[in-house]
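What's in final_26.csv: CSV, C-alpha atoms and all ligand atoms
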chain,number,residue,atom,x,y,z
A,9,MET,CA,116.3,104.0,93.0
A,10,LYS,CA,114.9,104.3,89.5
A,11,THR,CA,111.6,102.6,88.6
A,12,GLN,CA,113.6,100.6,86.0
A,13,THR,CA,115.7,99.1,88.8
A,14,VAL,CA,112.7,98.4,90.9
A,15,ASP,CA,111.1,96.6,87.9
A,16,ALA,CA,114.3,94.5,87.6
A,17,ILE,CA,114.1,93.4,91.3
A,18,LEU,CA,110.4,92.6,91.0
A,19,ASN,CA,110.9,90.7,87.7
A,20,ARG,CA,113.7,88.6,89.4
A,21,ALA,CA,111.4,87.9,92.4
A,22,LEU,CA,108.7,86.7,89.9
A,23,THR,CA,111.1,84.1,88.5
A,24,GLY,CA,111.2,82.6,92.0
A,25,THR,CA,114.6,84.0,92.9
A,26,ASP,CA,115.2,85.3,96.5
A,27,ILE,CA,115.9,89.0,96.5
A,28,SER,CA,118.9,90.3,98.4
A,29,PRO,CA,118.8,92.4,101.6
A,30,GLU,CA,120.0,95.4,99.6
A,31,GLU,CA,117.1,94.9,97.1
A,32,GLY,CA,114.7,94.5,100.0
A,33,VAL,CA,115.8,97.8,101.5
A,34,ALA,CA,115.5,99.5,98.1
A,35,LEU,CA,111.9,98.3,97.8
A,36,LEU,CA,111.0,99.6,101.2
A,37,LYS,CA,112.4,103.0,100.4
A,38,GLN,CA,110.1,103.6,97.4
A,39,THR,CA,107.8,106.5,97.6
A,40,GLU,CA,106.5,106.9,94.0
A,41,PRO,CA,102.9,105.6,93.7
A,42,ALA,CA,103.8,103.7,90.5
A,43,ALA,CA,106.7,101.8,92.2
A,44,ILE,CA,104.5,101.0,95.2
A,45,ALA,CA,101.7,99.8,93.0
A,46,ALA,CA,104.2,97.5,91.2
A,47,ILE,CA,105.5,96.1,94.6
A,48,ARG,CA,101.9,95.4,95.7
A,49,GLN,CA,101.1,93.7,92.4
A,50,THR,CA,104.2,91.5,92.6
A,51,ALA,CA,103.5,90.6,96.3
A,52,ASP,CA,99.9,89.7,95.3
A,53,GLU,CA,101.0,87.5,92.4
A,54,LEU,CA,103.6,85.7,94.6
A,55,ARG,CA,101.0,85.2,97.2
A,56,ARG,CA,98.7,83.6,94.6
A,57,ARG,CA,101.5,81.3,93.4
A,58,GLN,CA,102.9,80.4,96.9
A,59,ALA,CA,99.7,80.2,98.9
A,60,GLY,CA,96.8,80.2,96.4
A,61,GLU,CA,93.6,82.2,96.2
A,62,THR,CA,91.9,80.9,99.3
A,63,VAL,CA,92.2,83.0,102.4
A,64,THR,CA,92.4,81.0,105.6
A,65,TYR,CA,91.3,81.8,109.2
A,66,ILE,CA,91.3,80.0,112.5
A,67,ILE,CA,88.8,79.8,115.4
A,68,ASN,CA,90.9,80.3,118.4
A,69,ARG,CA,91.0,81.9,121.9
A,70,ASN,CA,93.6,83.9,123.5
A,71,ILE,CA,94.2,83.3,127.2
A,72,ASN,CA,96.7,85.7,129.0
A,73,PHE,CA,97.1,84.0,132.3
A,74,THR,CA,98.8,87.0,134.0
A,75,ASN,CA,99.9,90.5,133.3
A,76,ILE,CA,102.3,90.6,136.2
A,77,CYS,CA,105.7,90.9,134.6
A,78,GLU,CA,109.3,91.6,135.8
A,79,GLN,CA,110.2,93.4,132.6
A,80,HIS,CA,109.4,96.9,131.4
A,81,CYS,CA,109.3,96.9,127.6
A,82,SER,CA,108.8,100.5,126.4
A,83,PHE,CA,105.9,99.6,124.1
A,84,CYS,CA,104.0,97.6,126.6
A,85,ALA,CA,100.7,98.8,128.2
A,86,PHE,CA,99.8,95.3,129.4
A,87,ARG,CA,102.3,94.7,132.2
A,88,ARG,CA,101.6,95.4,135.8
A,89,ASP,CA,103.7,95.1,139.0
A,90,ASP,CA,102.4,92.7,141.6
A,91,ALA,CA,99.7,94.4,143.7
A,92,GLU,CA,99.4,97.3,141.2
A,93,GLU,CA,95.9,98.3,140.2
A,94,GLY,CA,94.8,96.2,137.2
A,95,ALA,CA,97.2,93.3,137.9
A,96,PHE,CA,95.6,89.9,137.4
A,97,TRP,CA,96.5,86.3,137.7
A,98,LEU,CA,93.9,83.7,136.5
A,99,ASP,CA,93.4,80.7,138.7
A,100,ALA,CA,92.8,77.2,137.3
A,101,GLY,CA,89.0,77.6,137.4
A,102,LYS,CA,89.1,80.8,135.4
A,103,ILE,CA,91.4,79.3,132.8
A,104,LEU,CA,89.2,76.2,132.5
A,105,GLU,CA,86.1,78.4,132.2
A,106,LYS,CA,87.7,80.3,129.3
A,107,ALA,CA,88.8,77.1,127.6
A,108,THR,CA,85.4,75.6,128.0
A,109,ASP,CA,83.8,78.6,126.5
A,110,ALA,CA,86.3,78.4,123.6
A,111,VAL,CA,85.3,74.8,122.9
A,112,ARG,CA,81.7,75.7,123.0
A,113,GLN,CA,82.4,78.2,120.2
A,114,ASP,CA,84.2,75.5,118.2
A,115,ALA,CA,87.7,76.8,118.8
A,116,THR,CA,90.5,74.4,117.7
A,117,GLU,CA,93.3,76.4,119.4
A,118,ILE,CA,94.1,78.1,122.6
A,119,CYS,CA,96.9,80.7,122.4
A,120,MET,CA,98.3,81.1,125.9
A,121,GLN,CA,101.0,83.6,126.9
A,122,GLY,CA,101.6,85.8,129.9
A,123,GLY,CA,103.8,88.1,131.8
A,124,LEU,CA,107.0,87.0,133.4
A,125,ASN,CA,106.3,86.5,137.1
A,126,PRO,CA,109.2,85.1,139.2
A,127,GLN,CA,106.6,84.3,141.9
A,128,ALA,CA,104.8,81.9,139.5
A,129,LYS,CA,106.1,78.7,140.8
A,130,VAL,CA,104.7,75.3,141.9
A,131,ALA,CA,106.8,73.6,144.6
A,132,GLY,CA,109.6,76.1,143.9
A,133,SER,CA,109.7,75.4,140.1
A,134,SER,CA,108.7,77.8,137.4
A,135,LEU,CA,108.5,74.9,134.9
A,136,SER,CA,106.1,73.1,137.1
A,137,PHE,CA,103.8,76.2,137.1
A,138,TYR,CA,103.8,76.3,133.3
A,139,LEU,CA,103.3,72.5,133.1
A,140,GLN,CA,100.3,73.0,135.4
A,141,LEU,CA,98.8,75.5,133.0
A,142,VAL,CA,99.2,73.0,130.2
A,143,LYS,CA,97.6,70.3,132.3
A,144,ILE,CA,94.6,72.4,133.2
A,145,ILE,CA,93.7,72.6,129.5
A,146,LYS,CA,94.9,69.3,128.1
A,147,ASP,CA,93.4,67.1,130.8
A,148,GLU,CA,89.9,68.5,130.0
A,149,PHE,CA,90.3,69.1,126.3
A,150,PRO,CA,93.0,66.9,124.8
A,151,GLN,CA,91.8,67.7,121.3
A,152,LEU,CA,92.6,71.5,121.6
A,153,HIS,CA,95.9,72.6,120.1
A,154,LEU,CA,97.8,74.6,122.6
A,155,HIS,CA,99.9,77.3,120.9
A,156,ALA,CA,101.7,78.5,124.0
A,157,PHE,CA,104.7,80.2,125.6
A,158,SER,CA,107.0,82.4,123.6
A,159,PRO,CA,110.8,82.1,123.3
A,160,GLN,CA,111.0,84.8,126.0
A,161,GLU,CA,108.9,82.6,128.4
A,162,VAL,CA,111.1,79.6,127.6
A,163,GLN,CA,114.2,81.7,128.4
A,164,PHE,CA,112.5,82.9,131.6
A,165,ILE,CA,111.7,79.3,132.8
A,166,ALA,CA,115.2,78.1,131.9
A,167,ARG,CA,116.8,81.0,133.9
A,168,GLU,CA,114.5,80.6,136.9
A,169,ASP,CA,115.0,76.8,137.2
A,170,GLY,CA,118.6,76.5,135.9
A,171,LEU,CA,117.6,74.4,132.9
A,172,SER,CA,118.7,74.3,129.3
A,173,TYR,CA,116.3,75.7,126.6
A,174,ALA,CA,116.0,72.1,125.2
A,175,ASP,CA,115.0,70.8,128.7
A,176,VAL,CA,112.2,73.4,128.9
A,177,ILE,CA,111.0,72.8,125.3
A,178,VAL,CA,110.9,69.0,125.6
A,179,ALA,CA,109.0,69.3,128.9
A,180,LEU,CA,106.4,71.6,127.4
A,181,ARG,CA,106.1,69.6,124.2
A,182,ASP,CA,105.7,66.3,126.1
A,183,ALA,CA,103.1,67.9,128.4
A,184,GLY,CA,100.9,68.8,125.3
A,185,VAL,CA,102.1,72.2,123.9
A,186,GLY,CA,101.6,71.9,120.2
A,187,SER,CA,103.5,74.9,118.9
A,188,MET,CA,105.4,78.0,120.1
A,189,PRO,CA,104.3,81.5,119.2
A,190,GLY,CA,107.1,83.4,117.5
A,191,THR,CA,106.4,86.5,119.7
A,192,ALA,CA,109.0,88.5,121.6
A,193,ALA,CA,110.9,88.7,118.4
A,194,GLU,CA,110.0,92.4,118.1
A,195,VAL,CA,112.9,93.5,115.8
A,196,LEU,CA,115.8,91.0,115.8
A,197,GLU,CA,118.4,93.8,116.0
A,198,ASP,CA,120.0,94.4,119.3
A,199,ARG,CA,120.3,98.2,118.8
A,200,VAL,CA,116.5,98.3,118.6
A,201,ARG,CA,116.0,95.8,121.5
A,202,ARG,CA,118.2,97.9,123.8
A,203,ILE,CA,115.7,100.7,123.4
A,204,ILE,CA,112.3,99.0,123.2
A,205,CYS,CA,112.9,95.9,125.3
A,206,PRO,CA,116.3,96.1,127.1
A,207,GLU,CA,115.5,93.3,129.5
A,208,LYS,CA,114.3,90.8,126.9
A,209,LEU,CA,116.3,88.0,125.5
A,210,ASP,CA,118.7,89.2,122.7
A,211,SER,CA,118.3,88.4,119.0
A,212,ASN,CA,120.7,85.4,119.0
A,213,THR,CA,118.9,83.9,122.0
A,214,TRP,CA,115.5,84.2,120.3
A,215,LEU,CA,116.9,82.6,117.2
A,216,GLU,CA,118.6,79.8,119.2
A,217,ILE,CA,115.4,79.0,121.1
A,218,VAL,CA,113.3,78.9,117.9
A,219,GLU,CA,115.9,76.7,116.2
A,220,THR,CA,116.0,74.4,119.2
A,221,ALA,CA,112.2,74.1,119.1
A,222,HIS,CA,112.3,73.1,115.4
A,223,ARG,CA,115.0,70.5,116.1
A,224,LEU,CA,112.9,69.1,118.9
A,225,GLY,CA,109.7,68.9,116.8
A,226,LEU,CA,107.9,71.9,118.2
A,227,PRO,CA,106.7,74.1,115.3
A,228,THR,CA,106.7,77.9,115.6
A,229,THR,CA,105.3,81.0,114.1
A,230,SER,CA,107.2,84.2,113.4
A,231,THR,CA,106.4,87.9,114.0
A,232,MET,CA,107.9,91.4,113.6
A,233,LEU,CA,106.9,94.4,115.7
A,234,CYS,CA,107.2,97.2,113.2
A,235,GLY,CA,106.6,100.9,112.8
A,236,HIS,CA,108.4,102.4,115.8
A,237,ILE,CA,112.2,103.3,115.8
A,238,GLU,CA,113.5,100.6,113.5
A,239,THR,CA,115.0,101.5,110.1
A,240,PRO,CA,114.3,99.8,106.7
A,241,GLU,CA,117.7,98.2,107.0
A,242,GLU,CA,116.8,96.7,110.4
A,243,GLN,CA,113.4,95.5,109.1
A,244,ILE,CA,115.1,93.7,106.3
A,245,SER,CA,117.8,92.3,108.6
A,246,HIS,CA,114.9,90.9,110.7
A,247,LEU,CA,113.4,89.2,107.6
A,248,GLU,CA,116.8,87.9,106.6
A,249,LYS,CA,117.3,86.3,110.0
A,250,LEU,CA,113.9,84.6,109.7
A,251,ARG,CA,114.6,83.4,106.2
A,252,LEU,CA,118.0,81.9,107.3
A,253,LEU,CA,116.2,80.3,110.3
A,254,GLN,CA,113.7,78.6,108.0
A,255,GLN,CA,116.5,77.6,105.6
A,256,THR,CA,118.4,76.0,108.5
A,257,ALA,CA,115.3,74.0,109.5
A,258,ILE,CA,115.0,72.7,105.9
A,259,ASP,CA,118.8,72.1,105.3
A,260,ARG,CA,119.1,70.2,108.6
A,261,GLN,CA,115.9,68.3,108.0
A,262,TYR,CA,114.3,69.3,111.3
A,263,PRO,CA,110.9,67.7,111.7
A,264,VAL,CA,109.1,71.1,111.8
A,265,ARG,CA,109.6,74.8,111.0
A,266,ILE,CA,108.0,78.2,110.9
A,267,SER,CA,104.4,78.0,109.8
A,268,GLU,CA,103.6,81.7,109.3
A,269,PHE,CA,104.8,85.2,109.4
A,270,ILE,CA,102.7,87.9,111.2
A,271,LEU,CA,103.4,91.6,110.9
A,272,LEU,CA,102.5,93.5,114.1
A,273,PRO,CA,102.5,97.3,113.7
A,274,PHE,CA,103.2,99.3,116.9
A,275,VAL,CA,100.1,100.7,118.7
A,276,GLY,CA,101.2,103.4,121.1
A,277,GLU,CA,98.1,105.1,122.4
A,278,MET,CA,98.4,103.7,125.9
A,279,ALA,CA,102.0,102.7,125.7
A,280,PRO,CA,104.6,104.3,128.1
A,281,ALA,CA,105.1,107.9,127.1
A,282,PRO,CA,108.8,108.0,126.2
A,283,LEU,CA,108.5,105.6,123.2
A,284,ARG,CA,105.1,107.0,122.3
A,285,ARG,CA,106.6,110.5,122.1
A,286,ARG,CA,109.6,109.3,120.2
A,287,VAL,CA,107.5,107.5,117.6
A,288,GLY,CA,105.1,110.5,117.5
A,289,ARG,CA,101.8,108.8,116.8
A,290,ASP,CA,99.3,106.5,118.5
A,291,GLN,CA,98.1,104.3,115.7
A,292,PRO,CA,100.0,102.4,112.9
A,293,LEU,CA,100.4,104.1,109.5
A,294,LEU,CA,98.5,101.9,107.2
A,295,ALA,CA,100.5,102.8,104.1
A,296,ASP,CA,103.8,102.0,105.7
A,297,THR,CA,102.5,98.7,107.1
A,298,LEU,CA,101.1,97.7,103.7
A,299,LEU,CA,104.4,98.4,101.9
A,300,LEU,CA,106.2,96.3,104.5
A,301,THR,CA,103.6,93.6,104.2
A,302,ALA,CA,104.3,93.4,100.4
A,303,VAL,CA,108.1,93.4,100.8
A,304,SER,CA,107.8,90.7,103.5
A,305,ARG,CA,105.9,88.5,101.0
A,306,ILE,CA,108.5,89.2,98.3
A,307,PHE,CA,111.5,88.6,100.6
A,308,LEU,CA,110.2,85.6,102.6
A,309,GLY,CA,107.5,84.0,100.5
A,310,ASN,CA,109.7,81.3,99.0
A,311,TRP,CA,110.4,80.1,102.5
A,312,ILE,CA,107.4,81.0,104.6
A,313,ALA,CA,104.3,80.7,102.5
A,314,ASN,CA,101.7,81.9,105.0
A,315,HIS,CA,101.5,85.6,105.8
A,316,GLN,CA,99.0,87.1,108.2
A,317,PRO,CA,98.1,90.8,109.0
A,318,SER,CA,96.9,91.8,112.5
A,319,TRP,CA,93.2,92.9,112.5
A,320,VAL,CA,93.7,93.8,116.2
A,321,LYS,CA,96.3,96.4,115.2
A,322,LEU,CA,95.0,97.5,111.8
A,323,GLY,CA,91.2,97.0,112.3
A,324,LEU,CA,89.4,94.4,110.1
A,325,ALA,CA,89.3,96.8,107.2
A,326,GLY,CA,93.1,97.4,107.3
A,327,ALA,CA,93.7,93.6,107.6
A,328,THR,CA,91.4,93.0,104.7
A,329,GLU,CA,93.3,95.5,102.6
A,330,ALA,CA,96.5,93.6,103.6
A,331,LEU,CA,95.1,90.5,101.8
A,332,LYS,CA,95.8,92.5,98.6
A,333,TRP,CA,99.4,93.2,99.6
A,334,GLY,CA,100.7,89.6,100.0
A,335,CYS,CA,98.7,88.1,102.9
A,336,ASN,CA,96.8,84.8,102.5
A,337,ASP,CA,95.5,84.4,106.1
A,338,ILE,CA,93.4,86.7,108.2
A,339,GLY,CA,94.2,85.2,111.6
A,340,GLY,CA,91.9,84.1,114.3
A,341,THR,CA,88.8,84.9,116.2
A,342,LEU,CA,90.8,85.4,119.4
A,343,MET,CA,87.7,85.8,121.5
A,344,GLU,CA,89.6,88.1,123.8
A,345,GLU,CA,92.7,90.1,123.1
A,346,HIS,CA,94.3,92.1,125.9
A,347,ILE,CA,97.8,93.0,125.1
A,348,THR,CA,97.2,95.3,122.1
A,349,THR,CA,93.8,96.4,123.2
A,350,MET,CA,95.3,97.7,126.4
A,351,ALA,CA,97.8,99.6,124.2
A,352,GLY,CA,94.9,101.5,122.6
A,353,ALA,CA,94.3,99.4,119.5
A,354,GLN,CA,91.1,100.2,117.8
A,355,GLY,CA,90.6,96.8,116.0
A,356,GLY,CA,88.6,95.3,118.8
A,357,SER,CA,89.3,92.2,120.9
A,358,CYS,CA,87.4,89.5,119.1
A,359,GLN,CA,85.9,88.6,115.7
A,360,THR,CA,83.3,86.1,114.7
A,361,ALA,CA,84.1,83.5,112.1
A,362,GLU,CA,81.3,85.0,110.0
A,363,ALA,CA,82.9,88.5,110.2
A,364,LEU,CA,86.3,87.1,109.0
A,365,GLN,CA,84.5,85.1,106.2
A,366,ALA,CA,82.6,88.3,105.1
A,367,ALA,CA,85.9,90.3,105.0
A,368,ILE,CA,87.5,87.6,102.8
A,369,HIS,CA,84.4,87.4,100.5
A,370,SER,CA,84.4,91.2,100.1
A,371,LEU,CA,87.6,90.6,98.0
A,372,GLY,CA,85.9,87.9,95.9
A,373,ARG,CA,88.2,85.3,97.4
A,374,PRO,CA,87.2,81.9,98.9
A,375,ASP,CA,87.6,81.3,102.7
A,376,ARG,CA,88.7,78.2,104.5
A,377,GLN,CA,88.9,77.4,108.2
A,378,ARG,CA,92.3,76.0,109.1
A,379,ASP,CA,94.0,74.6,112.2
A,380,THR,CA,97.1,76.0,113.8
A,381,LEU,CA,99.4,74.2,111.4
A,382,TYR,CA,97.4,75.3,108.3
A,383,ARG,CA,95.6,72.0,107.7
A,384,PRO,CA,92.1,72.6,106.3
A,385,LEU,CA,89.1,72.1,108.5
A,386,SER,CA,85.4,72.0,107.8
A,387,VAL,CA,83.5,75.3,108.1
A,388,LEU,CA,82.2,76.0,111.5
A,389,SER,CA,81.1,79.2,113.2
A,390,ALA,CA,82.0,81.0,116.3
A,391,GLY,CA,80.5,84.0,118.1
A,392,CYS,CA,82.2,86.5,120.4
A,401,LIG,S1,105.9,92.9,126.4
A,401,LIG,FE1,105.9,91.0,127.6
A,401,LIG,S2,107.9,90.9,128.6
A,401,LIG,FE2,107.6,93.0,127.9
A,401,LIG,S3,106.8,94.1,129.7
A,401,LIG,FE3,105.0,93.4,128.4
A,401,LIG,S4,104.4,91.5,129.3
A,401,LIG,FE4,106.5,91.9,130.0
Give the structure from the file, written as structure tokens.
Ligand code: SF4
Amino acid sequence: MKTQTVDAILNRALTGTDISPEEGVALLKQTEPAAIAAIRQTADELRRRQAGETVTYIINRNINFTNICEQHCSFCAFRRDDAEEGAFWLDAGKILEKATDAVRQDATEICMQGGLNPQAKVAGSSLSFYLQLVKIIKDEFPQLHLHAFSPQEVQFIAREDGLSYADVIVALRDAGVGSMPGTAAEVLEDRVRRIICPEKLDSNTWLEIVETAHRLGLPTTSTMLCGHIETPEEQISHLEKLRLLQQTAIDRQYPVRISEFILLPFVGEMAPAPLRRRVGRDQPLLADTLLLTAVSRIFLGNWIANHQPSWVKLGLAGATEALKWGCNDIGGTLMEEHITTMAGAQGGSCQTAEALQAAIHSLGRPDRQRDTLYRPLSVLSAGC
């Protein structure tokens, strides 16, 4: 596509118009430095208008309660079989210890997800097991926001217990879950899913569960696992599905919606060999990730204002660079990250609030601590 045409797409985006999927694909296929620079500048300008100059961050802690999982996603270095070396299952005391430590470090959020273990039941019920996890944290720390259990985990509980997705979501919500991570989305294209996560819920089921969560008052985030076998057309199709999902939440006046979009580039260093060989590299390509970051802002920003890079996958320097390509949030302290770190990511598994603030300040932009739902908080600090 000529630079002239790229300029026309970018100028239309700057008037506040949504670009079409074809236009999104055209932007992703640019290779000329001048065109890519123009895409970056447009994304940065739209970020300024849609989300402001301030870069936000959250003090939070990840808790992965088990890595025992019945599925075998081809990008996953985290999962283990029961009794396999390295398999773990945290008991209530350990979970509470981690939550206590998080509170001591001023965390406002616990992000909790885990493998899919059919043996994880209380009195024969998977839902009861998950409700018990919620209770361990909320009984002790009712003020902590629990960002927990992906659409895949909701589908797993529903299947195990013969419940509807709505039944599971209402039970988790009423027990104290405050929001649902938009993980397990990977790429919302079933051709891709059949290769990288054939046992996972399909695209339509992911969309159905997230829409059900919005209808029932449980906000969600959204993600994309990029940089493996997907095409630019499939990347844009994924963004288009998220855009439509958010438009549905608004049109139908659901009480809540998607709060943020997070781009998660594939890290393959320790991933199972077949996908790693097919992709042909171990670490994300920063240039490709940044272009997709910018196009995601241009394509989605009218509907999802908050965009976050992954410092775990890109390193803090890469994530800081992404703040110039359309992102307005640098994510959380995490305190311990296992899933990507076990895949060979070089970004580390925790950050201090001061390190995130320093990264933001290096761009001459102000920082602000936020809660899970992007409400401002007073500045605190957290170590790791
Ligand atoms: S990505 Fe999740 S569902 Fe897939 S194998 Fe790993 S832990 Fe299991």
Option closest in space to ligand LIG 401 (chain A), from A:His346, A:Arg383, A:Lys249, A:Arg199 [counting only C-alpha atoms and all ligand atoms]: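 Result for the nearest residue to ligand LIG 401 (chain A): A:His346.
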At most 12 Å from ligand LIG 401 (chain A) (all atoms listed in the file): residue list as a PyMOL selection string: chain A and resi 72-89+95+121-126+157-164+191-194+201+204-209+233+274+279-280+346-348+350-351
Nearest residue to Gln359 of chain A from the set A:Pro282, A:Gly323, A:Gly186, A:Pro150 (distances using all atoms listed in the file): A:Gly323
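With all atoms listed in the file as the atoms that count, the residue of A:Ile338, A:Lys102, A:Asp169, A:Ala51 with the shortest distance to Ala131 of chain A is A:Asp169.
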Minimum-distance residue to Pro227 of chain A, chosen among A:Ala257, A:Ile145, A:Leu364, A:Leu308 (using only C-alpha atoms): A:Ala257
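Closest approach to Arg167 of chain A among A:Leu135, A:Ala115, A:Leu250, A:Leu224: A:Leu135, based on all atoms listed in the file.
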Given all atoms listed in the file as the counted atoms, nearest of A:Gly32, A:Pro374, A:Gly276, A:Gly101 to Ala302 of chain A: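 Among the listed residues, A:Gly32 lies closest to Ala302 of chain A.
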